[in-house]
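Undergrad: The structure is given below, and queries will be raised subsequently.
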Amino acid sequence: MKKAIKREQSANNVWALQRTNELRNIKTGFLFAAMLLCLAQTAAYAQTKPSSEKASESKTLYGAISPLSETQTFALDFPEKLQYWDKDAVSIGSGMKSVNTYPQQMKAKKAKKGETPDFTFTFVTPGIGNIEKGEPVDHPAGGKVVEFSYTFPCALHVSDKDGKVVKIFELSSDENVMTVAVHPQFLTVDASVANSPVTGFMSKDPAKEVDEKIHDYLTRIEYNAYCVFIDQAKRVITNGYGYPKIMFAPVVLEVNKKEKAQYEELNGEIDKLKAAVNEVFQGPLNDDVRSRLMELGGYFASNYTESSSKDSKQLYAYNSSLAYLLGGDAEEAYKHFRAASLGQASTPHLTFINTYPIATETNHLYSTKDELEVGILPVYTVDDLRNMEKQALELAKQQELQLQNEAWRQELEAHNVKDAPGYVVTKNGEKIEGKINMKFIELTSTQILDMDIAKLVRVNPEGAKSRALKPKDVSYIVAGDKRFEPVTIAASAAIKVLGALSGNIGSDYFMEVVHKSGSCTAYYDPAIVSMESYYVKSHEEDKVQSYRTILRAGKASETFFGEVCPDLLARVKAKEFEPTKESLITFVNELAGCVK
């Protein structure tokens, strides 16, 4: 079996496409610019809303290698017994079913018993191998799953009437290591959902639980892999030797009829595209039509930029994607399809989505039709392409967020104190002068806020060793023009933003002093980023209370100051105060007046 490159998961193909295209764009940047200058002199960009027109009434393509006719016959030699799976002997729950091995959309008939077929398609595999069982891992929904890695080398052999092997398609090799998470429903659910456990094993020893039925689990793993690659083999047969059908007749985008006269050259290229697409759907693929489609793809691609109007970009980008797709360049086709940004319910969008998997495989089969051994094919399904779309959108969002996050990071850094000149006064009355460092905000590698860090001040005295002190050891801190003091948060105020607890209830923290009035103090908590978060302390209390909690005028407010300041509590209930710094200062002044 021919050594093949490792087959990647199709959901990750969008990353490979982007990487390839970035390199390609660097090389072709100058050529692209020159083409734009030339084309600008001969063809104006279409600025009118495009309309879709059928390029062909047919929805059927011809098999890329040798489409079998009605007068020919074929046979399937697909095993029903593998290393673990035996169709006649093993049936595990409702999930194990008979595998449908009949390829669709074939004009040739299946050979009758005793009849010599014109072609025989043989699925060759020893079954799963290189099996390794991993340690149980946690599952998000609870419990644990047990991961297995394995290989499933398999190929499709095509033999002629004389029994001579004329073609070998490698579907998977020993280099293609696959993984699966075994879970409690694995033996009973359908193969298509076997990798989506509802929950994991709840027992104390999941590995032992799996080992007790290890043959059943390996049988099911092998059966699932067999289903996947039998389906791929059927697609190879259909796309190479049958007449694959798509759901929608191919369409191109044209200039609106009312403004068509303004775009003579563009109309001519669109007519060429329609003719070439129609040719693809009316007869077998050939080098001439593929070459013309690639040229047309280049023409449409060169006539739009990122700054083009939405309508112009749709017309040029979509037509380019269709030309490249049928011409044999799946990567360029997908890139321009993404640029077109068509509505998901639009006919062009649906046409491309449903044509892409078949056209991609058909073109690959056509390109390798003269080879005896064919390496692993690029396998796409409609779901794969939609996943690629989803990931491309997520990538774009991430890139946009990355720019926003940079500004966000800078804003967060402003909450921290870094090398500010100042001093710390300890509970023992010692004054330590130097550069003050206090961290209130820290972003982890996963960009999750860690708000349990405002519990340390570090002083770097000039010419002396750095000292780190905790709130219990500090009386107050002066850093630049700010003053910080240790506080203990009341239980009702301990829940911070993002629904996370900032340390244990009753733990001490450093907070910035906003205002002092008599025996009352207002604080600002720099560790809160979703809103300005203020706290209040009076000499009657040994803990600070959230100002927002106070403004809700519930039981916590009554306990905190209601008994000694009933008039102030009534004003709070009447919503005379707001969660702002100015209103906080007014409140603290009023509070100080009645807790003397």
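Following the order of the structure tokens, chains are lettered A, B, ..., residues in each are numbered from 1, and ligands are numbered from 1.
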Output as a PyMOL selection string all residues of stretch 204-411 of chain A that backbone DSSP marks as helix (DSSP H, G or I).

TA: chain A and resi 206-211+214-241+257-262+264-282+287-301+310-327+330-340+347-367+382-411

Undergrad: Could you list, as a short mmCIF file (atom, residue, chain, number, x, y, z; two decimals) with all heavy atoms, in the first residue's frame, every residue within 12 Å of A:Leu325, counting only C-alpha atoms and ignoring same-chain residues fewer than 6 positions away?

TA:
data_model
loop_
_atom_site.label_atom_id
_atom_site.label_comp_id
_atom_site.auth_asym_id
_atom_site.auth_seq_id
_atom_site.Cartn_x
_atom_site.Cartn_y
_atom_site.Cartn_z
N PRO A 250 -26.41 24.34 -11.00
CA PRO A 250 -25.40 25.39 -10.81
C PRO A 250 -25.90 26.74 -11.30
O PRO A 250 -26.58 26.83 -12.32
CB PRO A 250 -24.22 24.89 -11.64
CG PRO A 250 -24.83 24.00 -12.67
CD PRO A 250 -26.00 23.34 -12.01
N VAL A 277 -19.39 26.07 -17.24
CA VAL A 277 -20.10 25.32 -16.20
C VAL A 277 -21.07 24.33 -16.84
O VAL A 277 -21.17 23.17 -16.44
CB VAL A 277 -20.85 26.28 -15.25
CG1 VAL A 277 -21.74 25.49 -14.29
CG2 VAL A 277 -19.87 27.13 -14.47
N VAL A 280 -19.27 21.32 -18.08
CA VAL A 280 -18.90 20.38 -17.01
C VAL A 280 -20.07 19.47 -16.68
O VAL A 280 -19.90 18.27 -16.44
CB VAL A 280 -18.46 21.15 -15.74
CG1 VAL A 280 -18.32 20.20 -14.56
CG2 VAL A 280 -17.14 21.87 -15.99
N ARG A 290 -11.29 22.60 -17.77
CA ARG A 290 -10.70 22.92 -16.47
C ARG A 290 -9.76 24.12 -16.58
O ARG A 290 -9.74 25.00 -15.72
CB ARG A 290 -9.94 21.71 -15.92
CG ARG A 290 -10.85 20.70 -15.22
CD ARG A 290 -10.18 19.36 -15.02
NE ARG A 290 -8.85 19.41 -14.46
CZ ARG A 290 -8.54 19.13 -13.18
NH1 ARG A 290 -9.49 18.81 -12.33
NH2 ARG A 290 -7.29 19.16 -12.77
N SER A 291 -8.99 24.17 -17.67
CA SER A 291 -8.08 25.29 -17.88
C SER A 291 -8.84 26.60 -18.06
O SER A 291 -8.47 27.64 -17.51
CB SER A 291 -7.20 25.01 -19.11
OG SER A 291 -6.36 26.11 -19.38
N LEU A 293 -11.82 27.29 -16.92
CA LEU A 293 -12.43 27.65 -15.64
C LEU A 293 -11.41 28.30 -14.71
O LEU A 293 -11.74 29.26 -13.99
CB LEU A 293 -13.03 26.41 -14.98
CG LEU A 293 -14.36 25.94 -15.57
CD1 LEU A 293 -14.68 24.51 -15.13
CD2 LEU A 293 -15.49 26.88 -15.16
N MET A 294 -10.18 27.81 -14.72
CA MET A 294 -9.14 28.40 -13.88
C MET A 294 -8.84 29.83 -14.33
O MET A 294 -8.63 30.73 -13.50
CB MET A 294 -7.87 27.56 -13.93
CG MET A 294 -8.02 26.20 -13.25
SD MET A 294 -8.37 26.33 -11.47
CE MET A 294 -6.77 26.86 -10.91
N LEU A 296 -10.95 31.85 -15.85
CA LEU A 296 -12.11 32.65 -15.46
C LEU A 296 -12.09 32.93 -13.96
O LEU A 296 -12.45 34.03 -13.52
CB LEU A 296 -13.40 31.93 -15.85
CG LEU A 296 -13.71 31.90 -17.36
CD1 LEU A 296 -14.76 30.84 -17.67
CD2 LEU A 296 -14.19 33.28 -17.80
N GLY A 297 -11.66 31.95 -13.17
CA GLY A 297 -11.54 32.18 -11.74
C GLY A 297 -10.58 33.31 -11.44
O GLY A 297 -10.85 34.17 -10.59
N GLY A 298 -9.47 33.34 -12.15
CA GLY A 298 -8.50 34.43 -11.98
C GLY A 298 -9.06 35.77 -12.39
O GLY A 298 -8.79 36.79 -11.75
N TYR A 318 -18.15 35.27 -5.79
CA TYR A 318 -18.88 34.01 -5.96
C TYR A 318 -18.55 33.37 -7.31
O TYR A 318 -18.30 32.16 -7.39
CB TYR A 318 -20.39 34.22 -5.85
CG TYR A 318 -21.14 32.97 -6.29
CD1 TYR A 318 -21.19 31.85 -5.46
CD2 TYR A 318 -21.72 32.90 -7.55
CE1 TYR A 318 -21.82 30.69 -5.88
CE2 TYR A 318 -22.36 31.74 -7.97
CZ TYR A 318 -22.41 30.64 -7.13
OH TYR A 318 -23.02 29.49 -7.55
N ASN A 319 -18.59 34.16 -8.38
CA ASN A 319 -18.28 33.59 -9.70
C ASN A 319 -16.86 33.02 -9.73
O ASN A 319 -16.60 31.99 -10.36
CB ASN A 319 -18.46 34.64 -10.79
CG ASN A 319 -19.93 34.91 -11.08
OD1 ASN A 319 -20.81 34.16 -10.65
ND2 ASN A 319 -20.22 35.97 -11.81
N GLU A 331 -8.97 25.14 -2.68
CA GLU A 331 -8.56 26.15 -1.71
C GLU A 331 -8.95 27.55 -2.16
O GLU A 331 -9.51 28.34 -1.39
CB GLU A 331 -7.05 26.06 -1.47
CG GLU A 331 -6.61 24.79 -0.77
CD GLU A 331 -5.11 24.78 -0.51
OE1 GLU A 331 -4.47 25.81 -0.77
OE2 GLU A 331 -4.61 23.75 -0.05
N GLU A 332 -8.63 27.88 -3.41
CA GLU A 332 -9.01 29.19 -3.94
C GLU A 332 -10.52 29.34 -3.97
O GLU A 332 -11.05 30.42 -3.69
CB GLU A 332 -8.43 29.37 -5.36
CG GLU A 332 -6.96 29.70 -5.40
CD GLU A 332 -6.65 31.05 -4.77
OE1 GLU A 332 -7.18 32.07 -5.26
OE2 GLU A 332 -5.89 31.09 -3.79
N ALA A 333 -11.21 28.26 -4.29
CA ALA A 333 -12.68 28.30 -4.35
C ALA A 333 -13.25 28.66 -2.99
O ALA A 333 -14.12 29.53 -2.87
CB ALA A 333 -13.23 26.95 -4.81
N TYR A 334 -12.74 28.02 -1.95
CA TYR A 334 -13.28 28.29 -0.60
C TYR A 334 -12.95 29.71 -0.15
O TYR A 334 -13.77 30.38 0.46
CB TYR A 334 -12.72 27.27 0.39
CG TYR A 334 -13.27 27.48 1.78
CD1 TYR A 334 -14.57 27.08 2.09
CD2 TYR A 334 -12.51 28.10 2.77
CE1 TYR A 334 -15.10 27.29 3.35
CE2 TYR A 334 -13.04 28.31 4.03
CZ TYR A 334 -14.33 27.90 4.32
OH TYR A 334 -14.85 28.11 5.56
N LYS A 335 -11.75 30.18 -0.48
CA LYS A 335 -11.34 31.53 -0.07
C LYS A 335 -12.28 32.58 -0.66
O LYS A 335 -12.74 33.48 0.05
CB LYS A 335 -9.91 31.80 -0.53
CG LYS A 335 -9.40 33.18 -0.12
CD LYS A 335 -7.96 33.41 -0.55
CE LYS A 335 -7.87 33.68 -2.05
NZ LYS A 335 -6.51 34.07 -2.46
N HIS A 336 -12.59 32.45 -1.94
CA HIS A 336 -13.46 33.46 -2.57
C HIS A 336 -14.92 33.27 -2.18
O HIS A 336 -15.68 34.24 -2.12
CB HIS A 336 -13.27 33.43 -4.09
CG HIS A 336 -11.90 33.83 -4.52
ND1 HIS A 336 -11.44 35.12 -4.40
CD2 HIS A 336 -10.86 33.12 -5.04
CE1 HIS A 336 -10.18 35.19 -4.83
NE2 HIS A 336 -9.82 33.98 -5.22
N PHE A 337 -15.30 32.05 -1.89
CA PHE A 337 -16.65 31.83 -1.38
C PHE A 337 -16.84 32.54 -0.05
O PHE A 337 -17.88 33.16 0.20
CB PHE A 337 -16.88 30.32 -1.22
CG PHE A 337 -18.12 29.96 -0.45
CD1 PHE A 337 -19.38 30.20 -0.96
CD2 PHE A 337 -18.01 29.39 0.81
CE1 PHE A 337 -20.53 29.87 -0.23
CE2 PHE A 337 -19.14 29.06 1.55
CZ PHE A 337 -20.40 29.31 1.02
N THR A 351 -25.93 26.29 -3.41
CA THR A 351 -25.34 25.59 -4.55
C THR A 351 -23.88 25.25 -4.27
O THR A 351 -23.43 24.12 -4.47
CB THR A 351 -25.43 26.44 -5.82
OG1 THR A 351 -26.80 26.71 -6.10
CG2 THR A 351 -24.81 25.72 -7.00
N PHE A 352 -23.13 26.24 -3.80
CA PHE A 352 -21.71 26.03 -3.53
C PHE A 352 -21.52 25.00 -2.43
O PHE A 352 -20.70 24.08 -2.55
CB PHE A 352 -21.04 27.34 -3.14
CG PHE A 352 -19.55 27.24 -2.97
CD1 PHE A 352 -18.70 27.50 -4.03
CD2 PHE A 352 -18.99 26.87 -1.75
CE1 PHE A 352 -17.32 27.38 -3.88
CE2 PHE A 352 -17.62 26.75 -1.59
CZ PHE A 352 -16.78 27.01 -2.66
N ILE A 353 -22.28 25.15 -1.34
CA ILE A 353 -22.15 24.25 -0.19
C ILE A 353 -22.35 22.79 -0.60
O ILE A 353 -21.63 21.89 -0.16
CB ILE A 353 -23.17 24.63 0.91
CG1 ILE A 353 -22.75 25.91 1.62
CG2 ILE A 353 -23.36 23.50 1.91
CD1 ILE A 353 -21.59 25.74 2.55
N ASN A 354 -23.34 22.55 -1.44
CA ASN A 354 -23.66 21.17 -1.82
C ASN A 354 -22.81 20.65 -2.98
O ASN A 354 -22.70 19.44 -3.17
CB ASN A 354 -25.15 21.06 -2.16
CG ASN A 354 -26.03 21.11 -0.93
OD1 ASN A 354 -26.21 20.12 -0.26
ND2 ASN A 354 -26.55 22.28 -0.61
N THR A 355 -22.22 21.55 -3.74
CA THR A 355 -21.36 21.14 -4.86
C THR A 355 -19.93 20.89 -4.40
O THR A 355 -19.24 20.03 -4.94
CB THR A 355 -21.37 22.20 -5.97
OG1 THR A 355 -22.72 22.48 -6.36
CG2 THR A 355 -20.60 21.73 -7.20
N TYR A 356 -19.50 21.63 -3.39
CA TYR A 356 -18.09 21.60 -2.97
C TYR A 356 -17.57 20.19 -2.67
O TYR A 356 -16.52 19.81 -3.20
CB TYR A 356 -17.91 22.51 -1.76
CG TYR A 356 -16.47 22.74 -1.37
CD1 TYR A 356 -15.74 23.79 -1.91
CD2 TYR A 356 -15.83 21.90 -0.45
CE1 TYR A 356 -14.43 24.01 -1.55
CE2 TYR A 356 -14.51 22.12 -0.09
CZ TYR A 356 -13.81 23.17 -0.63
OH TYR A 356 -12.51 23.37 -0.28
N PRO A 357 -18.24 19.39 -1.82
CA PRO A 357 -17.68 18.07 -1.50
C PRO A 357 -17.53 17.18 -2.73
O PRO A 357 -16.50 16.53 -2.92
CB PRO A 357 -18.70 17.48 -0.51
CG PRO A 357 -19.42 18.66 0.05
CD PRO A 357 -19.49 19.64 -1.07
N ILE A 358 -18.55 17.18 -3.59
CA ILE A 358 -18.52 16.30 -4.76
C ILE A 358 -17.50 16.79 -5.78
O ILE A 358 -16.71 16.01 -6.32
CB ILE A 358 -19.93 16.22 -5.39
CG1 ILE A 358 -20.90 15.55 -4.42
CG2 ILE A 358 -19.89 15.44 -6.71
CD1 ILE A 358 -22.33 15.57 -4.86
N ALA A 359 -17.51 18.10 -6.05
CA ALA A 359 -16.59 18.64 -7.06
C ALA A 359 -15.14 18.49 -6.62
O ALA A 359 -14.26 18.22 -7.43
CB ALA A 359 -16.92 20.11 -7.31
N THR A 360 -14.88 18.66 -5.33
CA THR A 360 -13.52 18.53 -4.82
C THR A 360 -13.00 17.11 -5.01
O THR A 360 -11.88 16.90 -5.50
CB THR A 360 -13.48 18.90 -3.32
OG1 THR A 360 -13.90 20.26 -3.17
CG2 THR A 360 -12.08 18.75 -2.76
N GLU A 361 -13.81 16.13 -4.64
CA GLU A 361 -13.40 14.74 -4.81
C GLU A 361 -13.31 14.36 -6.28
O GLU A 361 -12.39 13.66 -6.71
CB GLU A 361 -14.37 13.81 -4.09
CG GLU A 361 -14.25 13.87 -2.58
CD GLU A 361 -15.12 12.83 -1.89
OE1 GLU A 361 -15.70 11.98 -2.58
OE2 GLU A 361 -15.23 12.88 -0.65
N THR A 362 -14.28 14.82 -7.06
CA THR A 362 -14.29 14.49 -8.49
C THR A 362 -13.04 15.02 -9.18
O THR A 362 -12.40 14.33 -9.98
CB THR A 362 -15.55 15.06 -9.16
OG1 THR A 362 -16.71 14.53 -8.53
CG2 THR A 362 -15.58 14.70 -10.64
N ASN A 363 -12.66 16.27 -8.88
CA ASN A 363 -11.46 16.84 -9.49
C ASN A 363 -10.20 16.12 -9.05
O ASN A 363 -9.28 15.94 -9.84
CB ASN A 363 -11.37 18.33 -9.14
CG ASN A 363 -12.04 19.21 -10.20
OD1 ASN A 363 -11.60 19.25 -11.34
ND2 ASN A 363 -13.11 19.87 -9.82
N HIS A 364 -10.15 15.70 -7.78
CA HIS A 364 -8.98 14.96 -7.31
C HIS A 364 -8.90 13.61 -8.02
O HIS A 364 -7.81 13.18 -8.43
CB HIS A 364 -9.05 14.75 -5.81
CG HIS A 364 -7.80 14.15 -5.23
ND1 HIS A 364 -6.73 14.91 -4.81
CD2 HIS A 364 -7.44 12.86 -5.03
CE1 HIS A 364 -5.78 14.11 -4.37
NE2 HIS A 364 -6.18 12.86 -4.49
#

Undergrad: Quick one: of A:Tyr243, A:Gly480, A:Lys97, A:Pro471, who's nearest to A:Val189, counting only C-alpha atoms?

TA: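 Looking at the shortest contact to A:Val189, the residue is A:Lys97.
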
Undergrad: So what do you get for atom CA of A:Ser517 versus atom CA of A:Lys581, distance-wise?

TA: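 Computed distance, atom CA of A:Ser517 to atom CA of A:Lys581, equals 14.3 Å.
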
Undergrad: Record the distance separating atom CA of A:Asn278 and atom CA of A:Lys54, expressed in Å with one decimal.

TA: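 Separating atom CA of A:Asn278 from atom CA of A:Lys54 is a distance of 9.2 Å.
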
Undergrad: Which distance in Å separates atom CA of A:Lys59 and atom CA of A:Leu350, to one decimal?

TA: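 About the pair atom CA of A:Lys59 and atom CA of A:Leu350: they are 13.2 Å apart.
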
Undergrad: Taking 4 positions as the minimum chain separation for residues in the same chain, which residues sit within 6 Å of stretch 518-523 of chain A when counting only C-alpha atoms? Answer as a PyMOL selection string.

TA: chain A and resi 512-514+534-539+592

Undergrad: Those residues with all heavy atoms, as a PDB file, in the first residue's frame please?

TA:
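Output file again_28.pdb is given in full below:
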ATOM      1  N   GLU A 512      -8.359  50.610  47.658  1.00  0.00           N
ATOM      2  CA  GLU A 512      -7.973  52.016  47.573  1.00  0.00           C
ATOM      3  C   GLU A 512      -8.951  52.884  48.366  1.00  0.00           C
ATOM      4  O   GLU A 512     -10.170  52.718  48.258  1.00  0.00           O
ATOM      5  CB  GLU A 512      -7.955  52.460  46.111  1.00  0.00           C
ATOM      6  CG  GLU A 512      -7.555  53.911  45.911  1.00  0.00           C
ATOM      7  CD  GLU A 512      -7.662  54.351  44.458  1.00  0.00           C
ATOM      8  OE1 GLU A 512      -7.743  53.454  43.575  1.00  0.00           O
ATOM      9  OE2 GLU A 512      -7.696  55.568  44.211  1.00  0.00           O
ATOM     10  N   VAL A 513      -8.407  53.821  49.145  1.00  0.00           N
ATOM     11  CA  VAL A 513      -9.240  54.750  49.911  1.00  0.00           C
ATOM     12  C   VAL A 513      -9.743  55.850  48.972  1.00  0.00           C
ATOM     13  O   VAL A 513      -8.950  56.529  48.315  1.00  0.00           O
ATOM     14  CB  VAL A 513      -8.456  55.371  51.084  1.00  0.00           C
ATOM     15  CG1 VAL A 513      -9.320  56.406  51.818  1.00  0.00           C
ATOM     16  CG2 VAL A 513      -7.992  54.286  52.060  1.00  0.00           C
ATOM     17  N   VAL A 514     -11.081  55.999  48.925  1.00  0.00           N
ATOM     18  CA  VAL A 514     -11.699  57.018  48.077  1.00  0.00           C
ATOM     19  C   VAL A 514     -11.996  58.290  48.871  1.00  0.00           C
ATOM     20  O   VAL A 514     -11.774  59.411  48.406  1.00  0.00           O
ATOM     21  CB  VAL A 514     -13.006  56.472  47.447  1.00  0.00           C
ATOM     22  CG1 VAL A 514     -13.749  57.581  46.711  1.00  0.00           C
ATOM     23  CG2 VAL A 514     -12.684  55.334  46.504  1.00  0.00           C
ATOM     24  N   TYR A 534     -17.558  49.915  44.772  1.00  0.00           N
ATOM     25  CA  TYR A 534     -17.202  50.668  45.975  1.00  0.00           C
ATOM     26  C   TYR A 534     -17.672  49.937  47.237  1.00  0.00           C
ATOM     27  O   TYR A 534     -18.655  49.190  47.207  1.00  0.00           O
ATOM     28  CB  TYR A 534     -17.829  52.061  45.922  1.00  0.00           C
ATOM     29  CG  TYR A 534     -17.355  52.884  44.759  1.00  0.00           C
ATOM     30  CD1 TYR A 534     -18.197  53.146  43.672  1.00  0.00           C
ATOM     31  CD2 TYR A 534     -16.065  53.416  44.739  1.00  0.00           C
ATOM     32  CE1 TYR A 534     -17.757  53.899  42.595  1.00  0.00           C
ATOM     33  CE2 TYR A 534     -15.627  54.179  43.665  1.00  0.00           C
ATOM     34  CZ  TYR A 534     -16.475  54.409  42.592  1.00  0.00           C
ATOM     35  OH  TYR A 534     -16.038  55.159  41.533  1.00  0.00           O
ATOM     36  N   TYR A 535     -16.959  50.229  48.346  1.00  0.00           N
ATOM     37  CA  TYR A 535     -17.283  49.625  49.633  1.00  0.00           C
ATOM     38  C   TYR A 535     -17.279  50.704  50.717  1.00  0.00           C
ATOM     39  O   TYR A 535     -16.633  51.753  50.561  1.00  0.00           O
ATOM     40  CB  TYR A 535     -16.276  48.523  49.981  1.00  0.00           C
ATOM     41  CG  TYR A 535     -16.392  47.328  49.051  1.00  0.00           C
ATOM     42  CD1 TYR A 535     -15.795  47.345  47.791  1.00  0.00           C
ATOM     43  CD2 TYR A 535     -17.107  46.201  49.426  1.00  0.00           C
ATOM     44  CE1 TYR A 535     -15.926  46.260  46.933  1.00  0.00           C
ATOM     45  CE2 TYR A 535     -17.239  45.120  48.573  1.00  0.00           C
ATOM     46  CZ  TYR A 535     -16.650  45.158  47.322  1.00  0.00           C
ATOM     47  OH  TYR A 535     -16.786  44.096  46.478  1.00  0.00           O
ATOM     48  N   VAL A 536     -17.974  50.424  51.796  1.00  0.00           N
ATOM     49  CA  VAL A 536     -18.118  51.391  52.887  1.00  0.00           C
ATOM     50  C   VAL A 536     -17.785  50.713  54.215  1.00  0.00           C
ATOM     51  O   VAL A 536     -18.155  49.555  54.446  1.00  0.00           O
ATOM     52  CB  VAL A 536     -19.554  51.966  52.935  1.00  0.00           C
ATOM     53  CG1 VAL A 536     -19.699  52.931  54.117  1.00  0.00           C
ATOM     54  CG2 VAL A 536     -19.900  52.659  51.625  1.00  0.00           C
ATOM     55  N   LYS A 537     -17.101  51.472  55.092  1.00  0.00           N
ATOM     56  CA  LYS A 537     -16.800  50.972  56.435  1.00  0.00           C
ATOM     57  C   LYS A 537     -17.102  52.071  57.455  1.00  0.00           C
ATOM     58  O   LYS A 537     -16.777  53.240  57.229  1.00  0.00           O
ATOM     59  CB  LYS A 537     -15.330  50.559  56.540  1.00  0.00           C
ATOM     60  CG  LYS A 537     -14.947  49.972  57.887  1.00  0.00           C
ATOM     61  CD  LYS A 537     -13.475  49.563  57.888  1.00  0.00           C
ATOM     62  CE  LYS A 537     -13.085  48.978  59.231  1.00  0.00           C
ATOM     63  NZ  LYS A 537     -11.650  48.583  59.258  1.00  0.00           N
ATOM     64  N   SER A 538     -17.748  51.703  58.544  1.00  0.00           N
ATOM     65  CA  SER A 538     -17.979  52.644  59.643  1.00  0.00           C
ATOM     66  C   SER A 538     -17.302  52.106  60.895  1.00  0.00           C
ATOM     67  O   SER A 538     -16.953  50.918  60.956  1.00  0.00           O
ATOM     68  CB  SER A 538     -19.475  52.834  59.902  1.00  0.00           C
ATOM     69  OG  SER A 538     -20.000  51.716  60.591  1.00  0.00           O
ATOM     70  N   HIS A 539     -17.114  52.978  61.898  1.00  0.00           N
ATOM     71  CA  HIS A 539     -16.401  52.525  63.096  1.00  0.00           C
ATOM     72  C   HIS A 539     -17.211  51.487  63.867  1.00  0.00           C
ATOM     73  O   HIS A 539     -16.692  50.787  64.734  1.00  0.00           O
ATOM     74  CB  HIS A 539     -16.069  53.715  64.001  1.00  0.00           C
ATOM     75  CG  HIS A 539     -17.222  54.195  64.829  1.00  0.00           C
ATOM     76  ND1 HIS A 539     -18.253  54.927  64.296  1.00  0.00           N
ATOM     77  CD2 HIS A 539     -17.513  54.015  66.157  1.00  0.00           C
ATOM     78  CE1 HIS A 539     -19.131  55.205  65.248  1.00  0.00           C
ATOM     79  NE2 HIS A 539     -18.703  54.661  66.397  1.00  0.00           N
ATOM     80  N   ALA A 592     -21.378  59.314  58.379  1.00  0.00           N
ATOM     81  CA  ALA A 592     -20.472  59.755  59.448  1.00  0.00           C
ATOM     82  C   ALA A 592     -21.178  60.676  60.436  1.00  0.00           C
ATOM     83  O   ALA A 592     -20.810  60.727  61.626  1.00  0.00           O
ATOM     84  CB  ALA A 592     -19.259  60.468  58.845  1.00  0.00           C
TER      85      ALA A 592
END

Undergrad: Would you mind listing what lies within 6 Å of stretch 476-478 of chain A as a list in words, with only C-alpha atoms counted and same-chain residues fewer than 3 positions away left out?

TA: Gly422, Tyr423, Val424, Val425, Lys482, Arg483, Phe484 and Glu485 of chain A

Undergrad: For the residues in that selection, give me C-alpha atoms as a JSON list (two decimals), in the first residue's frame.

TA:
[["chain", "number", "residue", "atom", "x", "y", "z"],
["A", 422, "GLY", "CA", 5.70, 55.41, 48.25],
["A", 423, "TYR", "CA", 5.83, 53.60, 51.55],
["A", 424, "VAL", "CA", 4.13, 50.98, 53.70],
["A", 425, "VAL", "CA", 3.32, 51.47, 57.38],
["A", 482, "LYS", "CA", -3.17, 56.86, 46.26],
["A", 483, "ARG", "CA", -3.73, 55.37, 49.69],
["A", 484, "PHE", "CA", -4.59, 51.70, 50.26],
["A", 485, "GLU", "CA", -5.78, 49.95, 53.40]]

Undergrad: Give me, as a Markdown table, each residue of stretch 114-174 of chain A that comes within 12 Å of stretch 69-88 of chain A, together with its shortest interatomic pair and the distance in Å at one decimal, counting only C-alpha atoms, with rows ordered by chain and rising residue number.

TA:
| residue | atom | partner | partner_atom | distance |
| --- | --- | --- | --- | --- |
| A:Gly114 | CA | A:Ala75 | CA | 10.9 |
| A:Glu115 | CA | A:Thr73 | CA | 9.0 |
| A:Thr116 | CA | A:Thr73 | CA | 8.3 |
| A:Pro117 | CA | A:Phe74 | CA | 4.9 |
| A:Asp118 | CA | A:Thr73 | CA | 5.3 |
| A:Phe119 | CA | A:Phe74 | CA | 4.8 |
| A:Thr120 | CA | A:Ala75 | CA | 4.7 |
| A:Phe121 | CA | A:Leu76 | CA | 5.0 |
| A:Thr122 | CA | A:Asp77 | CA | 4.6 |
| A:Phe123 | CA | A:Phe78 | CA | 5.0 |
| A:Val124 | CA | A:Phe78 | CA | 7.6 |
| A:Thr125 | CA | A:Leu82 | CA | 8.0 |
| A:Pro126 | CA | A:Leu82 | CA | 6.6 |
| A:Gly127 | CA | A:Leu82 | CA | 5.4 |
| A:Ile128 | CA | A:Gln83 | CA | 7.2 |
| A:Gly129 | CA | A:Gln83 | CA | 8.9 |
| A:Phe152 | CA | A:Gln83 | CA | 10.9 |
| A:Cys154 | CA | A:Phe78 | CA | 11.3 |
| A:Ala155 | CA | A:Phe78 | CA | 10.9 |
| A:Leu156 | CA | A:Phe78 | CA | 9.4 |
| A:His157 | CA | A:Asp77 | CA | 9.5 |
| A:Val158 | CA | A:Leu76 | CA | 9.7 |
| A:Ser159 | CA | A:Ala75 | CA | 9.7 |
| A:Asp160 | CA | A:Phe74 | CA | 9.4 |
| A:Lys161 | CA | A:Phe74 | CA | 9.3 |
| A:Gly163 | CA | A:Ala75 | CA | 11.7 |

Undergrad: Would you mind listing what lies within 8 Å of A:Tyr304 as a PyMOL selection string, with only C-alpha atoms counted and same-chain residues fewer than 2 positions away left out?

TA: chain A and resi 45+300-302+306-308+312-313+316-317

Undergrad: Please return, as a list in words, all residues of stretch 214-374 of chain A that DSSP assigns to strand (DSSP E or B) on the basis of the backbone.

TA: Lys245, Val251, Val252, Leu253, Glu254, Glu373 and Val374 of chain A

Undergrad: Name the closest residue to A:Lys234 among the candidates A:Lys208, A:Phe169, A:Glu57, A:Leu326; distances are taken between atoms, counting only C-alpha atoms.

TA: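 Closest to A:Lys234, using only C-alpha atoms: A:Phe169.
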
Undergrad: If you count only C-alpha atoms, which residues fall within 10 Å of A:Asp473, apart from same-chain ones fewer than 6 positions away, as an NGL selection string?

TA: :A and (425-428 or 486)

Undergrad: Identify which of the residues A:Ala275, A:Leu187, A:Leu568, A:Met388 lies closest to A:Leu591, counting only C-alpha atoms when measuring atom-to-atom distances.

TA: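 That would be A:Leu568, the residue with the smallest distance to A:Leu591.
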